[in-house]
Every structure is written in structure tokens, then in C-alpha cells.
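Peer 1: Supplied structure: structure04.cif, mmCIF, C-alpha atoms and all ligand atoms.
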```cif
data_structure
loop_
_atom_site.label_atom_id
_atom_site.label_comp_id
_atom_site.auth_asym_id
_atom_site.auth_seq_id
_atom_site.Cartn_x
_atom_site.Cartn_y
_atom_site.Cartn_z
CA MET A 1 83.35 71.66 95.87
CA LYS A 2 86.82 72.69 96.94
CA PHE A 3 87.08 74.50 100.28
CA THR A 4 89.72 75.73 102.72
CA LYS A 5 89.35 75.51 106.47
CA MET A 6 90.88 78.56 108.15
CA GLN A 7 90.98 79.99 111.65
CA GLY A 8 91.65 83.30 113.35
CA LEU A 9 92.44 82.67 117.03
CA GLY A 10 90.49 79.41 116.86
CA ASN A 11 87.36 81.05 115.39
CA ASP A 12 87.16 78.61 112.49
CA TYR A 13 85.21 78.80 109.25
CA VAL A 14 85.00 76.88 106.01
CA TYR A 15 86.00 79.23 103.15
CA VAL A 16 84.81 78.74 99.58
CA ASN A 17 86.38 80.56 96.65
CA CYS A 18 83.32 81.66 94.65
CA PHE A 19 85.50 82.85 91.76
CA SER A 20 85.72 79.16 90.86
CA GLU A 21 82.92 77.47 92.85
CA GLU A 22 79.16 78.00 92.94
CA VAL A 23 77.18 77.65 96.18
CA LYS A 24 73.43 77.47 95.53
CA ASP A 25 72.17 77.26 99.14
CA PRO A 26 74.79 78.89 101.40
CA SER A 27 72.55 78.84 104.46
CA GLY A 28 71.82 75.11 104.13
CA LEU A 29 75.49 74.36 103.39
CA ALA A 30 76.59 76.38 106.44
CA LYS A 31 74.45 74.21 108.72
CA LYS A 32 75.70 70.93 107.23
CA ILE A 33 79.37 71.75 106.79
CA SER A 34 79.72 73.40 110.24
CA ASP A 35 78.51 70.30 112.09
CA ARG A 36 81.46 69.01 114.14
CA HIS A 37 80.34 65.36 113.92
CA PHE A 38 78.65 65.02 110.52
CA GLY A 39 80.35 67.86 108.61
CA VAL A 40 83.78 69.47 108.33
CA GLY A 41 83.29 71.19 111.69
CA ALA A 42 83.37 74.98 111.93
CA ASP A 43 81.79 78.06 113.48
CA GLY A 44 80.24 78.78 110.06
CA LEU A 45 80.77 79.27 106.33
CA ILE A 46 82.41 82.17 104.50
CA LEU A 47 82.15 82.76 100.76
CA ILE A 48 84.85 84.78 98.98
CA CYS A 49 83.14 86.44 96.03
CA PRO A 50 83.78 89.00 93.28
CA SER A 51 82.59 92.54 94.06
CA LYS A 52 81.59 95.50 91.90
CA LYS A 53 82.40 97.97 94.72
CA ALA A 54 85.58 96.58 96.29
CA ASP A 55 88.42 94.16 95.56
CA PHE A 56 86.42 91.25 97.01
CA GLU A 57 83.17 90.49 98.79
CA MET A 58 82.84 88.40 101.97
CA LYS A 59 79.54 86.63 102.66
CA MET A 60 79.41 85.03 106.11
CA TYR A 61 76.98 82.48 107.58
CA ASN A 62 76.85 81.29 111.17
CA ALA A 63 76.71 77.58 112.07
CA ASP A 64 72.90 77.76 112.33
CA GLY A 65 72.69 79.06 108.74
CA SER A 66 71.90 82.68 109.67
CA ARG A 67 73.73 85.48 107.87
CA GLY A 68 76.12 87.71 109.82
CA GLU A 69 76.71 91.24 108.59
CA MET A 70 80.39 91.18 109.50
CA CYS A 71 83.06 88.85 110.89
CA GLY A 72 86.32 90.25 112.25
CA ASN A 73 88.27 86.99 112.38
CA GLY A 74 86.75 85.92 109.08
CA ILE A 75 87.75 89.04 107.20
CA ARG A 76 91.42 88.61 108.25
CA CYS A 77 91.28 85.02 106.92
CA VAL A 78 89.72 86.24 103.65
CA ALA A 79 92.65 88.66 103.30
CA LYS A 80 95.13 85.83 103.85
CA TYR A 81 93.27 83.58 101.40
CA VAL A 82 93.16 86.09 98.53
CA TYR A 83 96.86 86.90 98.89
CA ASP A 84 98.27 83.42 99.66
CA TYR A 85 96.15 81.70 96.97
CA GLY A 86 97.11 84.27 94.34
CA LEU A 87 93.83 86.16 93.83
CA THR A 88 95.70 89.44 94.45
CA ASP A 89 99.23 90.69 94.96
CA LYS A 90 98.09 93.85 96.76
CA THR A 91 98.89 94.30 100.46
CA HIS A 92 96.21 96.98 100.95
CA ILE A 93 92.82 95.60 99.93
CA SER A 94 89.13 96.43 100.26
CA ILE A 95 86.42 93.90 101.08
CA GLU A 96 82.67 94.47 100.73
CA THR A 97 80.51 93.15 103.60
CA LEU A 98 76.91 93.65 104.69
CA ALA A 99 78.38 96.18 107.14
CA GLY A 100 80.01 98.23 104.37
CA ILE A 101 83.43 98.17 102.71
CA LYS A 102 86.37 97.39 105.02
CA TYR A 103 90.02 98.27 104.32
CA LEU A 104 92.81 95.91 105.31
CA ASP A 105 96.61 96.08 105.55
CA LEU A 106 98.44 92.79 105.11
CA THR A 107 101.84 91.98 106.66
CA VAL A 108 103.61 89.47 104.42
CA GLU A 109 106.59 87.28 105.33
CA GLU A 110 108.08 84.75 102.92
CA LYS A 111 105.18 85.32 100.48
CA LYS A 112 102.50 84.50 103.09
CA VAL A 113 100.24 86.79 105.09
CA VAL A 114 101.12 86.55 108.78
CA LEU A 115 99.19 89.48 110.28
CA VAL A 116 96.27 91.64 109.17
CA LYS A 117 95.22 95.08 110.37
CA VAL A 118 91.58 95.94 109.65
CA ASP A 119 89.89 99.32 109.64
CA MET A 120 86.67 98.15 111.29
CA GLY A 121 84.93 101.51 110.83
CA ASN A 122 82.80 103.41 113.32
CA PRO A 123 81.26 101.82 116.38
CA ILE A 124 77.50 102.46 116.35
CA LEU A 125 75.85 103.35 119.66
CA GLU A 126 72.36 104.44 118.54
CA PRO A 127 69.91 101.83 119.94
CA ALA A 128 67.69 101.61 116.83
CA LYS A 129 70.71 100.95 114.62
CA ILE A 130 72.21 98.17 116.80
CA PRO A 131 69.29 97.17 117.21
CA VAL A 132 68.34 97.08 120.90
CA LYS A 133 65.05 98.23 122.38
CA ALA A 134 65.95 101.17 124.64
CA GLU A 135 65.20 104.82 125.35
CA GLY A 136 67.86 107.50 124.81
CA GLU A 137 70.92 107.96 122.60
CA SER A 138 72.94 104.96 123.77
CA VAL A 139 72.93 101.94 126.07
CA ILE A 140 75.97 102.30 128.33
CA ASP A 141 76.15 100.36 131.59
CA ALA A 142 72.36 100.06 131.47
CA PRO A 143 70.29 97.41 133.27
CA ILE A 144 68.76 94.36 131.63
CA ILE A 145 66.86 91.54 133.33
CA VAL A 146 67.90 88.11 132.10
CA ASN A 147 66.58 84.87 133.64
CA GLY A 148 65.21 86.95 136.53
CA ALA A 149 68.55 88.57 137.43
CA GLU A 150 69.76 92.11 136.69
CA TYR A 151 72.90 92.68 134.63
CA LYS A 152 74.53 95.85 133.30
CA MET A 153 75.24 95.95 129.59
CA THR A 154 76.81 98.29 127.04
CA CYS A 155 75.44 97.83 123.51
CA ILE A 156 77.47 98.49 120.36
CA SER A 157 77.16 97.58 116.71
CA MET A 158 80.34 96.91 114.76
CA GLY A 159 78.10 96.30 111.76
CA ASN A 160 76.65 93.41 113.78
CA PRO A 161 75.03 93.65 117.22
CA HIS A 162 76.91 93.21 120.52
CA ALA A 163 76.03 93.42 124.21
CA VAL A 164 79.05 93.76 126.51
CA VAL A 165 78.73 92.71 130.16
CA PHE A 166 81.50 93.26 132.74
CA TRP A 167 81.99 90.04 134.67
CA ASP A 168 84.62 89.16 137.30
CA GLY A 169 85.92 85.60 136.92
CA VAL A 170 85.04 84.89 133.27
CA ASP A 171 87.05 81.63 133.39
CA ASP A 172 84.56 80.04 135.76
CA MET A 173 81.29 81.40 134.38
CA GLU A 174 78.65 79.07 132.91
CA ILE A 175 78.36 80.88 129.58
CA GLU A 176 76.15 78.19 128.05
CA LYS A 177 73.47 78.99 130.66
CA ILE A 178 73.40 82.78 130.27
CA GLY A 179 74.57 83.24 126.64
CA PRO A 180 71.46 81.84 124.91
CA SER A 181 69.18 83.93 127.15
CA PHE A 182 70.93 87.14 126.06
CA GLU A 183 70.99 86.00 122.42
CA THR A 184 67.23 85.57 122.20
CA HIS A 185 66.19 88.30 124.70
CA GLU A 186 63.17 90.27 123.50
CA ARG A 187 65.17 93.54 123.64
CA PHE A 188 67.29 92.36 120.68
CA PRO A 189 65.03 92.09 117.61
CA ASN A 190 67.86 90.59 115.49
CA ARG A 191 69.32 88.54 118.37
CA VAL A 192 72.73 89.54 119.74
CA ASN A 193 76.35 88.48 120.27
CA THR A 194 77.23 88.76 123.97
CA GLU A 195 80.71 89.38 125.40
CA PHE A 196 81.53 88.80 129.07
CA VAL A 197 84.57 90.84 130.08
CA GLU A 198 86.99 90.93 132.96
CA VAL A 199 89.29 93.97 133.10
CA LEU A 200 92.83 92.90 134.06
CA ASP A 201 94.45 96.35 133.90
CA ARG A 202 94.01 99.59 131.94
CA LYS A 203 95.48 98.03 128.80
CA THR A 204 94.38 94.40 129.06
CA VAL A 205 91.04 92.61 129.29
CA LYS A 206 89.92 89.01 129.11
CA MET A 207 86.67 88.06 127.39
CA ARG A 208 84.47 85.12 126.52
CA VAL A 209 81.82 85.34 123.84
CA TRP A 210 78.48 83.74 123.09
CA GLU A 211 77.99 84.31 119.38
CA ARG A 212 74.64 84.74 117.72
CA GLY A 213 74.05 81.66 115.58
CA SER A 214 77.19 79.76 116.65
CA GLY A 215 77.28 79.57 120.47
CA GLU A 216 80.51 79.93 122.41
CA THR A 217 83.49 80.41 120.09
CA LEU A 218 87.18 80.73 120.90
CA ALA A 219 87.27 84.30 119.58
CA CYS A 220 85.17 87.02 117.97
CA GLY A 221 86.84 89.94 116.19
CA THR A 222 83.85 92.24 116.03
CA GLY A 223 83.17 91.25 119.66
CA ALA A 224 86.70 92.22 120.71
CA CYS A 225 86.20 95.63 119.03
CA ALA A 226 82.87 96.11 120.83
CA VAL A 227 84.55 95.13 124.11
CA ALA A 228 87.35 97.67 123.65
CA VAL A 229 84.83 100.42 122.86
CA ALA A 230 82.70 99.45 125.89
CA CYS A 231 85.76 99.45 128.18
CA ILE A 232 86.80 102.89 126.95
CA LEU A 233 83.27 104.33 127.19
CA ASN A 234 82.98 103.03 130.75
CA GLY A 235 86.38 104.56 131.69
CA ARG A 236 87.93 101.16 132.39
CA THR A 237 90.81 101.13 129.88
CA GLU A 238 92.91 103.34 127.65
CA ASP A 239 92.24 103.66 123.91
CA MET A 240 94.56 100.76 122.97
CA VAL A 241 93.51 97.44 124.46
CA CYS A 242 94.92 93.90 124.32
CA VAL A 243 91.86 91.65 124.33
CA LYS A 244 92.62 88.14 125.58
CA LEU A 245 90.29 85.53 124.12
CA LEU A 246 90.20 81.75 124.62
CA GLY A 247 92.01 81.37 121.27
CA GLY A 248 94.64 84.12 121.71
CA ASP A 249 95.06 87.89 121.75
CA LEU A 250 93.78 90.71 119.53
CA LEU A 251 95.07 94.26 119.60
CA ILE A 252 92.27 96.82 119.35
CA ARG A 253 92.66 100.58 119.10
CA TRP A 254 89.83 103.09 119.00
CA ASP A 255 91.05 106.29 117.32
CA ARG A 256 88.65 108.68 119.05
CA GLU A 257 89.50 111.63 116.74
CA LYS A 258 88.63 109.74 113.56
CA ASN A 259 86.10 107.53 115.41
CA ILE A 260 87.60 104.43 113.78
CA VAL A 261 88.30 101.10 115.45
CA TYR A 262 91.37 99.16 114.26
CA MET A 263 91.84 95.44 114.84
CA THR A 264 95.16 93.63 114.37
CA GLY A 265 95.54 89.87 114.52
CA PRO A 266 96.63 86.65 112.84
CA ALA A 267 94.96 84.36 110.27
CA GLU A 268 95.87 80.74 109.54
CA VAL A 269 95.10 78.01 107.01
CA VAL A 270 94.18 74.69 108.66
CA PHE A 271 93.75 72.51 105.55
CA ASP A 272 92.33 72.36 102.03
CA GLY A 273 89.60 69.84 101.25
CA GLU A 274 86.81 68.77 98.97
CA TRP A 275 83.12 68.51 99.96
CA ASN A 276 81.23 65.94 97.91
CA GLU A 277 77.50 66.63 98.03
N1 LIG A 301 83.11 85.49 114.85
C1 LIG A 301 82.83 86.70 114.19
C2 LIG A 301 81.42 87.18 114.15
C3 LIG A 301 80.52 86.26 113.36
C4 LIG A 301 79.10 86.75 113.18
C5 LIG A 301 78.30 86.80 114.45
N2 LIG A 301 78.10 85.51 115.04
C6 LIG A 301 76.95 87.47 114.13
O1 LIG A 301 75.96 86.78 113.85
O2 LIG A 301 76.90 88.70 114.17
C7 LIG A 301 83.88 87.77 114.38
O3 LIG A 301 85.06 87.39 114.47
O4 LIG A 301 83.57 88.95 114.35
#
```
Using the file provided, produce a representation of the structure as C-alpha cells.
Peer 2:
Amino acid sequence: MKFTKMQGLGNDYVYVNCFSEEVKDPSGLAKKISDRHFGVGADGLILICPSKKADFEMKMYNADGSRGEMCGNGIRCVAKYVYDYGLTDKTHISIETLAGIKYLDLTVEEKKVVLVKVDMGNPILEPAKIPVKAEGESVIDAPIIVNGAEYKMTCISMGNPHAVVFWDGVDDMEIEKIGPSFETHERFPNRVNTEFVEVLDRKTVKMRVWERGSGETLACGTGACAVAVACILNGRTEDMVCVKLLGGDLLIRWDREKNIVYMTGPAEVVFDGEWNE
């Protein structure tokens, strides 16, 4: 099976072109191929498939084999793949995901995609739709007890679930101790991705993420969108935010009038390979 390893800000996935390859057990393959010692090594697996509703379909699996509804860094890489590998010559494309159809604008230089802007759609605040167990219309700066300590979280779905926690000194935090306890907390029936955020100024924040199904990653696109929305809702930043992640920066803008979040960032090919199993 031919594959391409790609990364968006160090959030790396193995991509398989399902126009020419067949994957019978994507969840099992995701677990094997993601292993950093016995596999290719990745945060998960992404299948690029034909779609009846859009130009393409993206199917994403975390490193533990679970399915994610959406992947912000992944969808930019899918856009680069379909253009650079000749599956389309369009620079405005649509991609079906479990979180709906997303629309992407590709910036091309010397016949290669260098930057992708994604219409990430509406942020969802309604607790039942995230899902998070809570009373009321939204969970904004609301308490949660984790490992016996109280934290304040803001919960948002960008098609997948996120809990955003403001945290001074993210560089020094022990994310591997607190991240798993948020991920599997009983208030999140589908588990959760958790972002820990330090506000640097009204236009810039720094975040680290513990991803559902993959652990700490160098970047999370949907997470960066959730962080920007949480910062704006909590009055901490303006509507355009530079989100600094371990793997680089993403530019996020929440158009409040249209209620659409836009994400702009890079996508890179690491190498092409062949998996023999
Ligand atoms: N890294 C991704 C998100 C991948 C899915 C996530 N772990 C989930 O299970 O929801 C991104 O860039 O958005």
C-alpha cells in the first residue's frame, strides 16, 4: 500500500489515497502505522476518498484507532495532497468530513500548495452537542474538578469536542499528568481534546494540546480554533488571533457576523512510502 507522510505544524499523519488503494481495517491500520517504534510513526491515519457530496472525503483516525470527526491540520494536508499529486487543479475545493463539508482556499506557488485557508464552520457551544454534561446553554469559564483540583474550562465543538483551560506558564506544565484525566473525565461522554492556553497579548496566545486518542501533539487545528473562540468569548483577545503551538503558528479569525471560524496555515509532505502488510 502506497502512502504519504505529511505534517501540518508537526501534527503528522499517514495519508492514503483511496482512489487507488483499498484499506479494509482503517482503525487497526491506524494503530499499527502510527506506532513510532514499530510503524511509520504518526499522530494517526487519514484516508483521502471519493465523495458523492463534495470534491473529496477525508476520513481521520487517531493513533489509538478511534475515529475523529474533523482534523484541522489534516484537512490542510489533504488539500495539498489532492492538488500537488494531481487529483484536482482547483484552488477552491470542498471536502466532506464527519463534521460536515468544509471549504478550502489553496495558495499555490510554483505548482505546489504552500498555504491553505479553511472555512471551519460554526463553533458549537450547546453542551449536548459538544458533548459535555452540563446545565445551561453553554460552558464558559465553568468549574470542573479533575484529580481533586478545580479548573475553569470553556467547552466548544469544532465538529469534534474541545475543553479550553487558561493556564499561565504552559511551557512548564506536566500535560501528560492532567491531559489524560480531562480526556476520560465522566463529563465528556465521547472523551475530549483539551487545550491549555496562555494569553500573551490581545492578538497572540500560546497553547499546548492533549488530543483525544493521540496524546500530546505538536499542534491541533480544530483545537486552535476552539482556543480562539474561547479567548474571544472570555474577553481575552480580539477576533483575529495568532495561536502559537509547539509546531508553529496558526492564524485564526472568528467572523462574529457570519459566525464562521477561519483557519490559515501551512501543510507539508514529509516523504512517500510503501507499507507492506
Ligand atoms: N489534530 C487534529 C484533531 C484530530 C482529531 C482529534 N484528536 C479528535 O479525536 O477529535 C486537528 O488538527 O484538528
Peer 1: For a quick check of understanding, using only C-alpha atoms and all ligand atoms, which of A:Glu195, A:Asp12, A:Glu211, A:Asp201 has the smallest distance to ligand LIG 301 (chain A)?
Peer 2: A:Glu211
Peer 1: Identify the residues within 10 Å of coordinate (92.1, 99.9, 117.7) (same frame as the file), considering all atoms listed in the file, and give the answer as a count of residues only.
Peer 2: 25
Peer 1: Have a look at A:Val270, A:Val132, A:Ile93, A:Cys71 and name the one nearest to ligand LIG 301 (chain A); count all atoms listed in the file.
Peer 2: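 Nearest to ligand LIG 301 (chain A): A:Cys71.
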Peer 1: Hey, can you check how far CA of Leu29 in chain A sits from CA of His185 in chain A?
Peer 2: 27.1 Å
Peer 1: Please build the interface table for chain A against ligand LIG 301 (chain A) with a cut-off of 6 Å, listing for each qualifying residue the nearest atom pair and the distance in Å to one decimal; count only C-alpha atoms and all ligand atoms, order rows by chain and increasing number, and write it as JSON lines.
Peer 2:
```
{"residue": "A:Asn62", "atom": "CA", "partner": "A:LIG301", "partner_atom": "N2", "distance": 5.9}
{"residue": "A:Gly68", "atom": "CA", "partner": "A:LIG301", "partner_atom": "O1", "distance": 4.1}
{"residue": "A:Met70", "atom": "CA", "partner": "A:LIG301", "partner_atom": "C4", "distance": 5.9}
{"residue": "A:Cys71", "atom": "CA", "partner": "A:LIG301", "partner_atom": "O4", "distance": 3.5}
{"residue": "A:Gly72", "atom": "CA", "partner": "A:LIG301", "partner_atom": "O4", "distance": 3.7}
{"residue": "A:Asn73", "atom": "CA", "partner": "A:LIG301", "partner_atom": "O3", "distance": 3.9}
{"residue": "A:Gly74", "atom": "CA", "partner": "A:LIG301", "partner_atom": "O3", "distance": 5.8}
{"residue": "A:Asn160", "atom": "CA", "partner": "A:LIG301", "partner_atom": "O2", "distance": 4.7}
{"residue": "A:Glu211", "atom": "CA", "partner": "A:LIG301", "partner_atom": "N2", "distance": 4.5}
{"residue": "A:Arg212", "atom": "CA", "partner": "A:LIG301", "partner_atom": "N2", "distance": 4.4}
{"residue": "A:Gly213", "atom": "CA", "partner": "A:LIG301", "partner_atom": "N2", "distance": 5.6}
{"residue": "A:Cys220", "atom": "CA", "partner": "A:LIG301", "partner_atom": "O3", "distance": 3.5}
{"residue": "A:Gly221", "atom": "CA", "partner": "A:LIG301", "partner_atom": "O3", "distance": 3.6}
{"residue": "A:Thr222", "atom": "CA", "partner": "A:LIG301", "partner_atom": "O4", "distance": 3.7}
{"residue": "A:Gly223", "atom": "CA", "partner": "A:LIG301", "partner_atom": "O4", "distance": 5.8}
```
Peer 1: Considering only C-alpha atoms, state which residue in the set A:Val139, A:Ala219, A:Ala79, A:Leu98 is at the smallest distance from Asp43 in chain A.
Peer 2: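 The shortest atom-to-atom distance to Asp43 in chain A comes from A:Ala219.
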Peer 1: At what distance in Å, to one decimal, does CA of Leu218 in chain A lie from CA of Gly8 in chain A?
Peer 2: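 CA of Leu218 in chain A lies at a distance of 9.1 Å from CA of Gly8 in chain A.
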Peer 1: Record the distance separating CA of Gly65 in chain A and CA of Tyr81 in chain A, expressed in Å with one decimal.
Peer 2: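 Atom-to-atom, CA of Gly65 in chain A to CA of Tyr81 in chain A, that is 22.3 Å.
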Peer 1: A:Lys31, A:Asp84, A:Thr97, A:Glu21: which is nearest Phe56 in chain A, counting only C-alpha atoms?
Peer 2: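 Closest to Phe56 in chain A, using only C-alpha atoms: A:Thr97.
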Peer 1: At most 9 Å is the cut-off: for each residue in range 39-134 of chain A with any atom that close to an atom of range 161-175 of chain A, write down the nearest atom pair and the distance in Å rounded to one decimal, counting only C-alpha atoms, chain first then increasing number, as JSON lines.
Peer 2:
```
{"residue": "A:Lys129", "atom": "CA", "partner": "A:Pro161", "partner_atom": "CA", "distance": 8.9}
{"residue": "A:Ile130", "atom": "CA", "partner": "A:Pro161", "partner_atom": "CA", "distance": 5.3}
{"residue": "A:Pro131", "atom": "CA", "partner": "A:Pro161", "partner_atom": "CA", "distance": 6.7}
{"residue": "A:Val132", "atom": "CA", "partner": "A:Pro161", "partner_atom": "CA", "distance": 8.4}
```
Peer 1: Go through A:Cys155, A:Ala149, A:Val82, A:Val227 and flag the residue nearest Pro127 in chain A, using all atoms listed in the file for the distances.
Peer 2: A:Cys155
Peer 1: Quick one: of A:Val78, A:Val243, A:Ile178, A:Val269, who's nearest to Leu200 in chain A, counting all atoms listed in the file?
Peer 2: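 For Leu200 in chain A, the nearest of the candidates is A:Val243.
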Peer 1: As a list in words, please: the residues near Pro143 in chain A (cut-off 7 Å, all atoms listed in the file, same-chain neighbours under 2 positions excluded).
Peer 2: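 Result of the neighbour search: Asp141, Ile145, Glu150, Tyr151, Lys152 and Met153 of chain A.
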Peer 1: If you count all atoms listed in the file, which residues fall within 9 Å of Lys32 in chain A, apart from same-chain ones fewer than 6 positions away, as a count of residues only?
Peer 2: 7
